[in-house]
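Asker: So here's my_file05.txt, just compact mmCIF, C-alpha atoms and all ligand atoms:
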```txt
# COMPACT_ATOMS: atom_id res chain seq x y z
CA MET D 1 21.09 -17.68 -1.95
CA SER D 2 19.20 -20.11 -4.16
CA GLU D 3 19.96 -19.98 -7.90
CA GLU D 4 16.29 -20.49 -8.74
CA ILE D 5 14.23 -17.85 -10.52
CA VAL D 6 11.05 -17.04 -8.57
CA LYS D 7 8.10 -17.61 -10.89
CA PHE D 8 5.04 -15.48 -10.23
CA GLY D 9 1.33 -15.69 -10.82
CA ILE D 10 -0.52 -12.38 -10.75
CA PHE D 11 -4.09 -11.90 -9.54
CA GLY D 12 -5.40 -8.71 -11.13
CA ALA D 13 -4.18 -7.05 -14.34
CA GLY D 14 -5.00 -3.56 -13.06
CA SER D 15 -2.98 -0.40 -12.65
CA ILE D 16 -0.72 -1.45 -9.80
CA ALA D 17 0.17 -4.68 -11.63
CA ILE D 18 0.78 -2.74 -14.86
CA TYR D 19 2.82 0.16 -13.44
CA ARG D 20 4.72 -1.51 -10.63
CA HIS D 21 4.50 -5.23 -9.90
CA THR D 22 4.94 -6.81 -13.31
CA PRO D 23 7.69 -4.48 -14.63
CA GLU D 24 9.57 -4.63 -11.33
CA ILE D 25 9.39 -8.46 -11.23
CA SER D 26 10.46 -8.62 -14.89
CA ASN D 27 13.38 -6.24 -14.32
CA ASN D 28 14.63 -8.34 -11.42
CA PRO D 29 17.05 -11.02 -12.71
CA TRP D 30 15.58 -13.48 -10.16
CA GLY D 31 11.91 -12.86 -10.91
CA GLN D 32 9.60 -13.86 -13.73
CA VAL D 33 5.88 -13.44 -14.37
CA VAL D 34 4.54 -16.71 -15.78
CA ALA D 35 0.76 -16.32 -15.52
CA ILE D 36 -1.88 -13.63 -14.99
CA TYR D 37 -5.52 -13.97 -14.02
CA ASP D 38 -8.12 -11.24 -14.30
CA PRO D 39 -11.88 -11.89 -14.65
CA ILE D 40 -11.79 -9.27 -17.40
CA THR D 41 -9.77 -11.50 -19.71
CA GLU D 42 -8.82 -8.73 -22.15
CA ARG D 43 -6.90 -7.00 -19.35
CA ALA D 44 -4.85 -10.12 -18.62
CA GLU D 45 -4.30 -10.65 -22.36
CA TRP D 46 -3.17 -7.06 -22.85
CA LEU D 47 -0.73 -7.20 -19.94
CA ALA D 48 0.64 -10.61 -20.97
CA ASP D 49 1.18 -9.23 -24.46
CA GLN D 50 2.98 -6.14 -23.12
CA LEU D 51 5.30 -8.28 -21.01
CA GLU D 52 6.00 -10.62 -23.92
CA GLN D 53 6.89 -7.69 -26.16
CA ARG D 54 8.96 -5.84 -23.58
CA TYR D 55 10.81 -8.68 -21.91
CA GLY D 56 10.63 -11.50 -24.49
CA ILE D 57 9.01 -13.89 -22.01
CA GLU D 58 5.99 -16.13 -22.44
CA VAL D 59 3.14 -15.26 -20.08
CA GLU D 60 0.08 -17.47 -19.72
CA VAL D 61 -3.38 -15.93 -19.45
CA ALA D 62 -4.91 -18.08 -16.73
CA GLU D 63 -8.53 -19.17 -17.13
CA SER D 64 -9.41 -18.98 -13.45
CA GLU D 65 -8.08 -18.21 -9.99
CA GLN D 66 -7.77 -21.97 -9.49
CA ALA D 67 -5.53 -22.28 -12.56
CA ILE D 68 -2.99 -20.00 -10.82
CA LEU D 69 -3.31 -21.91 -7.55
CA ASP D 70 -2.92 -25.30 -9.28
CA ASN D 71 0.09 -24.31 -11.40
CA PRO D 72 3.09 -26.11 -9.84
CA GLU D 73 5.54 -23.84 -11.66
CA ILE D 74 4.26 -20.82 -9.69
CA GLU D 75 6.15 -20.28 -6.43
CA ALA D 76 4.75 -16.87 -5.49
CA VAL D 77 1.69 -14.76 -6.24
CA VAL D 78 0.84 -11.08 -6.19
CA VAL D 79 -2.67 -10.21 -5.00
CA ALA D 80 -3.45 -6.95 -6.81
CA THR D 81 -7.25 -7.07 -6.90
CA PRO D 82 -10.01 -4.98 -5.32
CA ASN D 83 -9.67 -5.12 -1.53
CA LYS D 84 -12.52 -7.58 -0.91
CA HIS D 85 -10.53 -10.43 -2.54
CA HIS D 86 -7.25 -9.84 -0.67
CA ALA D 87 -7.79 -12.15 2.30
CA ARG D 88 -9.56 -14.90 0.36
CA LEU D 89 -6.95 -15.10 -2.40
CA THR D 90 -4.01 -14.73 0.00
CA ILE D 91 -5.24 -17.59 2.18
CA ALA D 92 -6.00 -19.80 -0.84
CA ALA D 93 -2.54 -19.14 -2.30
CA LEU D 94 -0.74 -19.79 1.00
CA GLU D 95 -2.71 -23.05 1.37
CA ALA D 96 -1.65 -23.95 -2.18
CA GLY D 97 1.99 -23.57 -1.10
CA LYS D 98 2.70 -20.17 -2.66
CA HIS D 99 4.41 -17.16 -1.11
CA VAL D 100 2.14 -14.08 -1.21
CA LEU D 101 2.75 -10.40 -1.86
CA CYS D 102 -0.60 -8.79 -1.07
CA GLU D 103 -1.56 -5.20 -1.79
CA LYS D 104 -2.78 -2.79 0.86
CA PRO D 105 -5.09 -2.57 2.71
CA MET D 106 -4.23 -6.19 3.45
CA ALA D 107 -7.81 -7.15 4.33
CA THR D 108 -11.25 -5.74 4.97
CA SER D 109 -11.30 -6.74 8.64
CA LEU D 110 -8.78 -7.34 11.41
CA GLU D 111 -10.14 -10.88 11.77
CA ASP D 112 -9.30 -11.64 8.14
CA ALA D 113 -5.88 -10.03 8.54
CA GLN D 114 -5.18 -12.33 11.49
CA LYS D 115 -6.31 -15.38 9.45
CA MET D 116 -3.84 -14.40 6.72
CA ILE D 117 -1.04 -14.13 9.30
CA ASP D 118 -1.97 -17.46 10.90
CA THR D 119 -2.12 -19.22 7.54
CA ALA D 120 1.31 -17.91 6.55
CA LYS D 121 2.73 -19.17 9.85
CA ARG D 122 1.11 -22.59 9.55
CA THR D 123 2.11 -23.13 5.92
CA GLY D 124 5.61 -21.70 6.40
CA LYS D 125 5.16 -19.42 3.40
CA LYS D 126 6.12 -15.74 3.20
CA LEU D 127 3.50 -13.01 3.42
CA MET D 128 4.42 -9.43 2.57
CA ILE D 129 2.14 -6.38 2.25
CA GLY D 130 2.66 -3.66 -0.39
CA HIS D 131 3.35 -0.75 1.99
CA ASN D 132 5.82 0.91 -0.36
CA GLN D 133 5.96 4.31 1.39
CA ARG D 134 8.58 2.89 3.75
CA LEU D 135 10.92 2.08 0.89
CA MET D 136 10.81 5.55 -0.70
CA PRO D 137 14.33 7.01 -0.40
CA PRO D 138 13.21 10.26 1.34
CA HIS D 139 11.39 8.24 4.00
CA VAL D 140 14.36 5.90 4.46
CA LYS D 141 16.60 8.96 4.95
CA ALA D 142 14.10 10.50 7.38
CA LYS D 143 14.01 7.33 9.47
CA GLN D 144 17.81 7.38 9.66
CA LEU D 145 17.85 11.06 10.76
CA LEU D 146 15.12 10.46 13.34
CA GLU D 147 17.04 7.51 14.78
CA GLN D 148 20.13 9.72 15.00
CA GLY D 149 18.07 12.18 17.05
CA VAL D 150 18.69 15.04 14.62
CA ILE D 151 15.39 16.78 15.48
CA GLY D 152 15.34 15.51 19.07
CA ASP D 153 12.31 13.77 20.55
CA VAL D 154 9.28 13.82 18.28
CA LEU D 155 6.37 15.74 19.79
CA SER D 156 4.03 16.17 16.84
CA PHE D 157 3.51 15.50 13.12
CA ARG D 158 1.33 16.10 10.10
CA THR D 159 1.10 13.51 7.36
CA SER D 160 -1.08 13.80 4.26
CA PHE D 161 -1.88 11.76 1.22
CA GLY D 162 -4.37 13.27 -1.17
CA HIS D 163 -5.02 13.45 -4.88
CA ALA D 164 -7.91 13.94 -7.25
CA GLY D 165 -9.25 10.40 -6.80
CA PRO D 166 -8.77 6.83 -8.01
CA GLU D 167 -11.27 7.03 -10.88
CA GLY D 168 -8.51 8.37 -13.12
CA TRP D 169 -6.00 5.73 -12.00
CA SER D 170 -7.97 2.46 -11.76
CA GLN D 171 -8.44 0.37 -14.89
CA ASP D 172 -12.16 0.81 -14.12
CA LYS D 173 -11.84 4.38 -15.37
CA GLY D 174 -14.68 6.65 -14.31
CA PRO D 175 -17.21 6.89 -11.50
CA HIS D 176 -18.14 3.18 -11.69
CA THR D 177 -14.70 2.19 -10.30
CA TRP D 178 -14.68 -0.49 -7.59
CA PHE D 179 -12.74 1.96 -5.36
CA PHE D 180 -16.06 3.84 -4.89
CA LYS D 181 -18.10 0.77 -3.85
CA LYS D 182 -18.23 -0.25 -0.21
CA GLU D 183 -18.91 -3.90 -1.04
CA GLU D 184 -15.65 -4.16 -3.01
CA ALA D 185 -13.40 -1.61 -1.33
CA TYR D 186 -14.77 -1.69 2.28
CA VAL D 187 -13.06 1.61 2.95
CA GLY D 188 -12.48 4.65 0.71
CA THR D 189 -9.65 7.13 0.88
CA MET D 190 -8.51 5.79 4.27
CA GLY D 191 -7.97 2.33 2.70
CA ASP D 192 -6.48 3.66 -0.50
CA LEU D 193 -4.26 6.47 0.83
CA GLY D 194 -4.64 6.78 4.62
CA VAL D 195 -3.35 3.25 5.28
CA HIS D 196 -0.08 4.18 3.57
CA LYS D 197 0.39 6.95 6.12
CA THR D 198 -0.74 4.92 9.14
CA ASP D 199 1.99 2.47 8.17
CA LEU D 200 4.52 5.22 7.48
CA ILE D 201 4.05 7.19 10.68
CA ARG D 202 4.28 4.26 13.10
CA TRP D 203 7.34 2.98 11.24
CA LEU D 204 9.07 6.40 11.03
CA LEU D 205 8.44 7.28 14.67
CA GLY D 206 9.10 3.77 15.99
CA THR D 207 6.06 3.98 18.28
CA GLU D 208 2.53 2.62 17.96
CA VAL D 209 -0.64 4.64 17.55
CA LYS D 210 -2.61 4.29 20.78
CA GLU D 211 -5.78 6.30 20.13
CA ALA D 212 -7.54 8.01 17.25
CA ALA D 213 -10.14 10.71 16.79
CA ALA D 214 -11.46 11.26 13.29
CA PHE D 215 -13.89 12.98 10.99
CA ILE D 216 -14.41 10.83 7.90
CA GLU D 217 -16.80 12.14 5.26
CA THR D 218 -18.14 11.67 1.75
CA LEU D 219 -18.10 15.24 0.53
CA ALA D 220 -18.01 15.26 -3.25
CA LYS D 221 -17.52 12.01 -5.15
CA LYS D 222 -20.48 10.58 -7.06
CA ASN D 223 -20.96 7.13 -8.56
CA GLU D 224 -22.09 6.33 -12.11
CA LYS D 225 -25.71 7.06 -11.11
CA GLY D 226 -24.79 10.51 -9.81
CA GLU D 227 -25.33 9.38 -6.20
CA PRO D 228 -22.79 9.95 -3.40
CA ILE D 229 -20.31 7.09 -3.29
CA THR D 230 -20.69 4.52 -0.50
CA VAL D 231 -17.20 5.02 0.93
CA GLU D 232 -15.54 8.17 2.24
CA ASP D 233 -13.59 10.64 0.11
CA ASN D 234 -12.02 12.71 2.93
CA ALA D 235 -10.57 11.82 6.31
CA VAL D 236 -9.02 14.07 8.94
CA CYS D 237 -7.66 12.12 11.88
CA ILE D 238 -5.83 12.98 15.10
CA LEU D 239 -3.53 10.27 16.38
CA LYS D 240 -1.99 9.84 19.82
CA MET D 241 1.15 7.72 19.91
CA GLU D 242 2.34 5.49 22.75
CA SER D 243 5.36 7.82 23.06
CA GLY D 244 2.92 10.63 23.91
CA ALA D 245 3.38 12.46 20.59
CA VAL D 246 0.20 13.70 18.90
CA GLY D 247 -0.30 14.37 15.23
CA GLN D 248 -2.63 14.70 12.32
CA LEU D 249 -3.21 12.37 9.36
CA THR D 250 -5.29 13.36 6.38
CA ALA D 251 -6.36 11.33 3.37
CA SER D 252 -8.32 12.81 0.49
CA TRP D 253 -9.64 12.01 -2.96
CA THR D 254 -10.60 15.63 -3.56
CA TYR D 255 -7.27 17.46 -3.72
CA THR D 256 -8.28 18.36 -7.24
CA ALA D 257 -5.34 20.41 -8.52
CA ALA D 258 -2.24 18.71 -7.14
CA GLU D 259 -1.19 15.70 -5.12
CA ASP D 260 -0.19 16.19 -1.47
CA ASN D 261 2.09 13.47 -0.16
CA ILE D 262 3.83 15.55 2.49
CA THR D 263 4.86 14.60 6.01
CA ILE D 264 6.17 17.10 8.60
CA ILE D 265 7.66 15.92 11.87
CA TYR D 266 8.24 18.30 14.77
CA GLY D 267 10.79 17.48 17.46
CA THR D 268 12.32 19.12 20.51
CA LYS D 269 15.31 20.39 18.47
CA GLY D 270 13.65 21.20 15.16
CA GLN D 271 11.54 19.87 12.34
CA MET D 272 11.73 17.86 9.16
CA VAL D 273 9.66 18.24 5.97
CA LEU D 274 9.34 15.24 3.66
CA GLY D 275 8.12 15.30 0.07
CA ALA D 276 7.34 19.03 -0.22
CA ASN D 277 10.34 20.21 -2.23
CA PRO D 278 10.86 18.05 -5.35
CA ASP D 279 14.56 19.00 -5.51
CA PHE D 280 15.22 18.25 -1.87
CA PRO D 281 12.57 15.82 -0.60
CA VAL D 282 14.07 15.84 2.90
CA GLU D 283 14.51 19.26 4.54
CA VAL D 284 15.63 19.72 8.14
CA MET D 285 15.32 23.00 10.07
CA LEU D 286 16.72 23.23 13.58
CA ALA D 287 15.82 25.68 16.34
CA ASN D 288 19.49 26.76 16.50
CA GLY D 289 19.24 28.03 12.91
CA GLU D 290 21.02 25.13 11.22
CA GLN D 291 19.44 23.76 8.07
CA ALA D 292 20.08 20.74 5.88
CA LYS D 293 18.54 19.60 2.60
CA TYR D 294 18.88 16.14 1.12
CA LYS D 295 18.54 15.15 -2.54
CA VAL D 296 17.40 11.58 -2.02
CA GLY D 297 15.21 10.11 -4.76
CA ALA D 298 11.56 11.05 -4.78
CA VAL D 299 8.27 10.42 -3.06
CA ALA D 300 6.37 8.54 -5.79
CA THR D 301 3.10 10.01 -7.03
CA ASN D 302 0.45 8.66 -9.39
CA ASN D 303 1.91 10.83 -12.15
CA VAL D 304 5.56 10.25 -11.32
CA GLN D 305 5.96 6.49 -11.02
CA VAL D 306 9.26 5.44 -9.50
CA ALA D 307 10.09 1.81 -8.81
CA SER D 308 8.51 0.81 -5.49
CA GLY D 309 11.22 -1.70 -4.52
CA ILE D 310 8.50 -3.94 -3.12
CA PRO D 311 8.85 -6.88 -5.57
CA ASP D 312 12.67 -6.75 -5.25
CA GLU D 313 12.46 -6.98 -1.49
CA PHE D 314 9.91 -9.80 -1.67
CA ILE D 315 12.06 -11.80 -4.10
CA ASP D 316 15.10 -11.35 -1.81
CA CYS D 317 13.07 -12.63 1.16
CA ILE D 318 12.08 -15.76 -0.75
CA LEU D 319 15.58 -16.48 -2.07
CA ASP D 320 17.34 -15.71 1.23
CA ASP D 321 14.57 -17.38 3.26
CA VAL D 322 14.05 -14.43 5.58
CA GLU D 323 10.77 -13.02 6.87
CA PRO D 324 9.61 -9.87 5.07
CA ARG D 325 10.04 -6.67 7.13
CA ILE D 326 6.68 -5.47 5.84
CA SER D 327 4.97 -8.57 7.18
CA GLY D 328 1.35 -9.50 7.71
CA GLU D 329 1.71 -8.33 11.33
CA GLU D 330 2.86 -4.91 10.12
CA GLY D 331 0.01 -4.73 7.59
CA LYS D 332 -2.45 -5.57 10.35
CA LYS D 333 -1.12 -2.79 12.60
CA ALA D 334 -1.57 -0.24 9.79
CA LEU D 335 -5.10 -1.55 9.21
CA ALA D 336 -5.95 -1.44 12.93
CA ILE D 337 -5.30 2.32 12.94
CA VAL D 338 -7.66 2.75 9.97
CA VAL D 339 -10.29 0.67 11.79
CA ALA D 340 -9.93 2.85 14.91
CA CYS D 341 -10.30 6.03 12.82
CA LEU D 342 -13.47 4.66 11.19
CA LYS D 343 -14.83 3.70 14.61
CA SER D 344 -14.11 7.14 16.01
CA ALA D 345 -15.83 8.83 13.08
CA ALA D 346 -18.86 6.54 13.37
CA THR D 347 -19.27 6.96 17.14
CA GLY D 348 -18.05 10.51 17.67
CA GLN D 349 -15.75 9.14 20.38
CA ILE D 350 -12.00 8.72 20.68
CA ALA D 351 -11.21 5.10 19.72
CA LYS D 352 -8.44 2.87 21.04
CA VAL D 353 -6.34 1.07 18.42
CA GLU D 354 -6.78 -2.70 18.73
CA LYS D 355 -3.51 -4.54 19.42
N1 LIG T 401 0.81 0.16 -3.01
C1 LIG T 401 0.29 1.14 -3.72
O1 LIG T 401 0.85 2.23 -3.80
C2 LIG T 401 -1.01 0.91 -4.44
C3 LIG T 401 -1.40 1.81 -5.45
C4 LIG T 401 -2.61 1.56 -6.11
C5 LIG T 401 -3.39 0.48 -5.77
N2 LIG T 401 -2.98 -0.36 -4.76
C6 LIG T 401 -3.82 -1.50 -4.35
O2 LIG T 401 -3.76 -2.50 -5.36
C7 LIG T 401 -5.01 -3.16 -5.49
C8 LIG T 401 -5.46 -3.07 -6.95
O3 LIG T 401 -5.61 -1.70 -7.29
P1 LIG T 401 -5.46 -1.17 -8.78
O4 LIG T 401 -5.18 0.26 -8.66
O5 LIG T 401 -4.55 -2.02 -9.58
O6 LIG T 401 -6.98 -1.36 -9.28
P2 LIG T 401 -7.54 -1.53 -10.75
O7 LIG T 401 -8.98 -1.20 -10.69
O8 LIG T 401 -6.70 -0.77 -11.72
O9 LIG T 401 -7.34 -3.09 -11.04
C9 LIG T 401 -7.91 -4.12 -10.30
C10 LIG T 401 -8.02 -5.33 -11.21
O10 LIG T 401 -8.39 -6.48 -10.45
C11 LIG T 401 -9.23 -7.28 -11.28
N3 LIG T 401 -9.95 -8.26 -10.47
C12 LIG T 401 -11.18 -8.17 -9.87
N4 LIG T 401 -11.47 -9.33 -9.23
C13 LIG T 401 -10.42 -10.17 -9.42
C14 LIG T 401 -10.14 -11.50 -9.02
N5 LIG T 401 -11.00 -12.21 -8.27
N6 LIG T 401 -8.98 -12.08 -9.42
C15 LIG T 401 -8.10 -11.38 -10.16
N7 LIG T 401 -8.30 -10.11 -10.57
C16 LIG T 401 -9.46 -9.50 -10.20
C17 LIG T 401 -10.12 -6.24 -11.96
O11 LIG T 401 -10.78 -6.76 -13.08
C18 LIG T 401 -9.08 -5.17 -12.30
O12 LIG T 401 -8.53 -5.37 -13.58
C19 LIG T 401 -5.96 -2.45 -4.51
O13 LIG T 401 -6.06 -3.21 -3.33
C20 LIG T 401 -5.28 -1.13 -4.21
O14 LIG T 401 -5.56 -0.66 -2.90
C21 LIG T 401 -1.81 -0.17 -4.12
```
Go ahead and express the file in the form of structure tokens.
Ligand SMILES: NC(=O)c1ccc[n+]([C@@H]2O[C@H](COP(=O)([O-])OP(=O)(O)OC[C@H]3O[C@@H](n4cnc5c(N)ncnc54)[C@H](O)[C@@H]3O)[C@@H](O)[C@H]2O)c1
Answerer:
Amino acid sequence: MSEEIVKFGIFGAGSIAIYRHTPEISNNPWGQVVAIYDPITERAEWLADQLEQRYGIEVEVAESEQAILDNPEIEAVVVATPNKHHARLTIAALEAGKHVLCEKPMATSLEDAQKMIDTAKRTGKKLMIGHNQRLMPPHVKAKQLLEQGVIGDVLSFRTSFGHAGPEGWSQDKGPHTWFFKKEEAYVGTMGDLGVHKTDLIRWLLGTEVKEAAAFIETLAKKNEKGEPITVEDNAVCILKMESGAVGQLTASWTYTAAEDNITIIYGTKGQMVLGANPDFPVEVMLANGEQAKYKVGAVATNNVQVASGIPDEFIDCILDDVEPRISGEEGKKALAIVVACLKSAATGQIAKVEK
């Protein structure tokens, strides 16, 4: 392992950078935030100030995107901006010789996702996508139990991610948030929440999604003019896996009273419930009457922030010179399922997931 500290530039001083990326980088002995760029300069200034106070480090407020790209001290960047900038900034940073940790959804088209992957390969730089659901301890435990065959062969599943909406989370607080604008977000609750579960389910089950059928609607959310938002706020999708298993994925911004981040997996010998019981986030019930409950960390929610582990894993990959497990290819597969769901909803037909 190299003895070097990985110095980071951050694109976007928004909520994910504030709550997860910058504290987790700063708490890692091998990571350091050295510069932040946000077109709303006060946000970058505020975050730089917070990091200086909390960690006693000096953080530059960059004047432009280019200033981050041109800074030779910066070895890696985090792209934590609205979705429309992900591909452009990732490609520019890789071309500038930086490793990139890009937030989900990795891009706004599969073509852009492929360009990001190709650029990482050509430049020899690391590309990792922020699919943190896989690193949550209950999901890690579930994967282990599934691989041990505890519930037998998986036949079906239900996976949900819903909360009251991003307008209370985003630094653009209120109905004018970029999350509600198609031109900035490209996709609504399926890009914000659904893509976490498309990634989770294919990883947990170890099989790809083959086909999707979906209803994707804008039911309730209004923009700052009181008009319906231009992306969807609810998605109910049926997924068929290559293994033959079938299941349901829902993503919602209108679960108004409480967050739902629950996954249930049904197998030939029993079933497993993840994230429903806060004391025991993994519960196993078998057809023979046996039961087991596991106290393994928590499934993170917007209100209960637990460290994502994503920056730690990214820093390890850079220092050990290994390819990130949650690679660009993995991010693209999660996005391809979202694209198929959108296509199904738009056409009223079952859609094949592009490989
Ligand atoms: N992995 C997760 O669990 C998770 C959770 C929340 C958000 N996210 C993702 O993180 C990204 C950011 O979301 P957020 O919640 O922090 O949003 P946010 O609205 O809180 O912050 C986004 C910030 O990006 C800034 N920005 C806009 N254009 C920029 C540019 N060209 N360069 C630099 N900064 C720019 C905005 O001014 C804003 O401050 C989104 O892609 C979102 O999907 C991931």
Asker: Between D:Glu323, D:Glu224, D:Glu354, D:Asp38, single out the one closest to ligand LIG 401 (chain T), counting all atoms listed in the file.
Answerer: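 For ligand LIG 401 (chain T), the nearest of the candidates is D:Asp38.
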Asker: Report the closest atom pair, with its distance in Å rounded to one decimal, for each residue of range 33-148 of chain D that has an atom no farther than 10 Å from range 268-274 of chain D; count all atoms listed in the file, sort by chain and then rising residue number, and write it as a tab-separated table.
Answerer:
```
residue	atom	partner	partner_atom	distance
D:Pro138	CA	D:Leu274	CA	6.7
D:His139	CA	D:Leu274	CA	7.3
D:Lys141	CA	D:Leu274	CA	9.7
D:Ala142	CA	D:Leu274	CA	7.7
D:Leu145	CA	D:Met272	CA	9.3
D:Leu146	CA	D:Met272	CA	9.2
```
Asker: In terms of the shortest atom-to-atom distance over all atoms listed in the file, which of D:Gly9, D:Pro324, D:Gly275, D:Pro311 is closest to Lys125 in chain D?
Answerer: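 Result for the nearest residue to Lys125 in chain D: D:Pro324.
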Asker: When you count only C-alpha atoms and all ligand atoms, which of these residues is closest to ligand LIG 401 (chain T): D:Asp172, D:Glu259, D:Glu183, D:Glu75?
Answerer: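 With only C-alpha atoms and all ligand atoms as the atom set, the closest residue is D:Asp172.
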Asker: If I take CA of Glu95 in chain D and CA of Ser64 in chain D, how far is one from the other in Å, to one decimal?
Answerer: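 So the two atoms, CA of Glu95 in chain D and CA of Ser64 in chain D, lie 16.8 Å apart.
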Asker: Identify the residues around (-6.9, 8.0, 2.4) within a radius of 8 Å, measuring from only C-alpha atoms in the coordinates stated by the file, and give them as a PyMOL selection string.
Answerer: chain D and resi 161-162+188-196+233-235+250-253
Asker: Around the point (1.6, -6.8, -12.4) (coordinates from the file), which residues reach within 10 Å if we count all atoms listed in the file? Answer as a PyMOL selection string.
Answerer: chain D and resi 8-26+33+36+44+47-48+51+78-80+311
Asker: With a distance cut-off of 6 Å and all atoms listed in the file, select the neighbouring residues of Lys240 in chain D, excluding the residue or stretch itself and same-chain residues fewer than 3 positions from it, and output the selection as a compact mmCIF listing (two decimals) with C-alpha atoms, in the coordinates of the input.
Answerer:
```txt
# COMPACT_ATOMS: atom_id res chain seq x y z
CA VAL D 209 -0.64 4.64 17.55
CA LYS D 210 -2.61 4.29 20.78
CA GLU D 211 -5.78 6.30 20.13
CA VAL D 246 0.20 13.70 18.90
```
Asker: Can you pull out the residues contacting Pro175 in chain D? Cut-off 12 Å, using only C-alpha atoms, and skip same-chain residues under 6 positions away; I want them as number ranges by chain.
Answerer: D: 165-169, 181, 220-230
Asker: Record the distance separating CA of Ile216 in chain D and CA of Cys237 in chain D, expressed in Å with one decimal.
Answerer: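 These two atoms are separated by 7.9 Å.
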Asker: Select, from D:Arg134, D:Lys104, D:Lys84, D:Lys333, the residue with the minimum atom-to-atom distance to ligand LIG 401 (chain T), counting only C-alpha atoms and all ligand atoms.
Answerer: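 Going through D:Arg134, D:Lys104, D:Lys84, D:Lys333 one by one, the smallest distance to ligand LIG 401 (chain T) is for D:Lys104.
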Asker: Could you tell me which of D:Leu135, D:Ile337, D:Ile40, D:Ile74 comes closest to Gly309 in chain D if we count only C-alpha atoms?
Answerer: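 Using only C-alpha atoms, Gly309 in chain D sits closest to D:Leu135.
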Asker: Hey, can you check how far CA of Glu313 in chain D sits from CA of Gly328 in chain D?
Answerer: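 Taking CA of Glu313 in chain D as the start and CA of Gly328 in chain D as the end point, the length is 14.6 Å.
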Asker: Quick one: of D:Phe280, D:Phe215, D:Trp178, D:Trp203, who's nearest to ligand LIG 401 (chain T), counting all atoms listed in the file?
Answerer: D:Trp178
Asker: Which residues are close to Arg158 in chain D, i.e. within 7 Å by all atoms listed in the file, leaving aside same-chain residues fewer than 2 positions away? Reply as a list in words.
Answerer: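 These residues fall inside the cut-off: Ser160, Gly247, Gln248, Leu249, Thr263, Ile264 and Ile265 of chain D.
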Asker: Please dump the current selection as an mmCIF file, in the coordinates of the input; keep C-alpha atoms.
Answerer:
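Produced file result-v5.cif, reproduced below:
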```
data_model
loop_
_atom_site.group_PDB
_atom_site.id
_atom_site.type_symbol
_atom_site.label_atom_id
_atom_site.label_comp_id
_atom_site.auth_asym_id
_atom_site.auth_seq_id
_atom_site.Cartn_x
_atom_site.Cartn_y
_atom_site.Cartn_z
ATOM 1 C CA SER D 160 -1.080 13.800 4.260
ATOM 2 C CA GLY D 247 -0.300 14.370 15.230
ATOM 3 C CA GLN D 248 -2.630 14.700 12.320
ATOM 4 C CA LEU D 249 -3.210 12.370 9.360
ATOM 5 C CA THR D 263 4.860 14.600 6.010
ATOM 6 C CA ILE D 264 6.170 17.100 8.600
ATOM 7 C CA ILE D 265 7.660 15.920 11.870
#
```
Asker: Mind working out the centre and edge lengths of an axis-aligned box for ligand LIG 401 (chain T), all listed atoms inside, 5 Å added to each side, rounded to one decimal in Å and written as JSON?
Answerer:
```
{"center_x": -5.3, "center_y": -5.0, "center_z": -8.2, "size_x": 22.3, "size_y": 24.4, "size_z": 20.7}
```
Asker: Near Pro278 in chain D, counting all atoms listed in the file, which residues have an atom at most 10 Å away, once you skip same-chain residues fewer than 6 positions from it, shown as a PDB file with C-alpha atoms, in the coordinates of the input?
Answerer:
```
ATOM      1  CA  LYS D 295      18.540  15.150  -2.540  1.00  0.00           C
ATOM      2  CA  VAL D 296      17.400  11.580  -2.020  1.00  0.00           C
ATOM      3  CA  GLY D 297      15.210  10.110  -4.760  1.00  0.00           C
ATOM      4  CA  ALA D 298      11.560  11.050  -4.780  1.00  0.00           C
ATOM      5  CA  VAL D 299       8.270  10.420  -3.060  1.00  0.00           C
TER       6      VAL D 299
END
```
Asker: List the spatial neighbours of Arg202 in chain D as an mmCIF file with C-alpha atoms, keeping the file's coordinate frame - criterion: any atom at most 9 Å away, only C-alpha atoms, same-chain residues fewer than 5 positions off excluded.
Answerer:
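File out-v4.cif, as written:
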```
data_model
loop_
_atom_site.group_PDB
_atom_site.id
_atom_site.type_symbol
_atom_site.label_atom_id
_atom_site.label_comp_id
_atom_site.auth_asym_id
_atom_site.auth_seq_id
_atom_site.Cartn_x
_atom_site.Cartn_y
_atom_site.Cartn_z
ATOM 1 C CA LYS D 197 0.390 6.950 6.120
ATOM 2 C CA THR D 207 6.060 3.980 18.280
ATOM 3 C CA GLU D 208 2.530 2.620 17.960
ATOM 4 C CA VAL D 209 -0.640 4.640 17.550
ATOM 5 C CA MET D 241 1.150 7.720 19.910
ATOM 6 C CA LYS D 333 -1.120 -2.790 12.600
ATOM 7 C CA ALA D 334 -1.570 -0.240 9.790
#
```
